[in-house]
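Working notes, beginning with the structure itself.
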Amino acid sequence: MQFCVGGCCSRAGAREALDALLESLKAQNALGPDRVSVIPVDCVDMCSDGPICRILPDRKTARRVSPAWATRLGQDLAKDRRARK
Ligand code: FES
């Protein structure tokens, strides 16, 4: 997944939301290249809706991502990954 850490998103709380996502994935041992990868990216031209994250490969876009939502996203991604095994 891509997580925007551009200026607008950072001012809107992207760093806190990104940290929450990473902590959530780490807590479930779901973070890593062969697991869920999180790539910080620069501005994706959706500044008014930031913080923004995109879930690949379908590029589903989440807007106004809060730390609480990011934590739940990490839990859901870890659960989905376990279900696919
Ligand atoms: S800084 Fe994130 S969309 Fe522009």
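The chains in the structure tokens are called A, B, ... from first to last as shown; in each chain the residues are counted from 1, and the ligands are counted from 1 in the order shown.
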- [ ] Give me every strand (DSSP E or B) residue in chain A, going by DSSP on the backbone, as a PyMOL selection string.
- [x] chain A and resi 2-4+31+36+39-41+53-55+60-62
- [ ] Around ligand 1, at most 10 Å away and counting only C-alpha atoms and all ligand atoms, which residues are there? Put them as a list in words, please.
- [x]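 Checked against 10 Å with only C-alpha atoms and all ligand atoms; the hits are Phe3, Cys4, Val5, Gly6, Gly7, Cys8, Cys9, Ser10, Arg11, Ala12, Ala14, Val41, Asp42, Cys43, Val44, Asp45, Met46, Cys47, Ser48, Asp49, Gly50, Pro51, Ile52, Cys53 and Arg63 of chain A.
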Task: Near-Val38 in chain A list (10 Å; only C-alpha atoms; drop same-chain fewer than 3 positions) as a ChimeraX atom specification - done: /A:1-3,18,21-22,25,31-33,35,41,53-55
Task: Top pick for closest residue to Ala17 in chain A, considering A:Ala62, A:Leu56, A:Ile39, A:Ala70 and counting only C-alpha atoms - done: A:Ala70
Task: Selection: 12 Å around Asp80 in chain A, only C-alpha atoms, excl. self and same-chain fewer than 5 positions, as a ChimeraX atom specification - done: /A:25,28,30,35-36,73-75,85
Open item on the list: I want to know what sits within 7 Å of Ala20 in chain A, based on only C-alpha atoms, with residues of the same chain fewer than 4 positions away left out; could you give that as a VMD selection string?
Closed with: chain A and resid 16 24 67 70 to 71
Open item on the list: With DSSP run on the backbone, what are the alpha helix (DSSP H) residues within chain A? I'd like them as number ranges by chain.
Closed with: A: 7-11, 14-27, 67-84
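Coordinates place CA of Ala27 in chain A at a distance of 12.2 Å from CA of Leu77 in chain A.
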Task: Coordinates-based distance that separates CA of Arg81 in chain A from CA of Asp34 in chain A (Å, one decimal) - done: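 Going from CA of Asp34 in chain A over to CA of Arg81 in chain A covers 10.6 Å.
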- [ ] Have a look at CA of Ser66 in chain A and CA of Ala78 in chain A and let me know their distance in Å, one decimal.
- [x]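 Straight-line distance from CA of Ser66 in chain A to CA of Ala78 in chain A works out to 18.3 Å.
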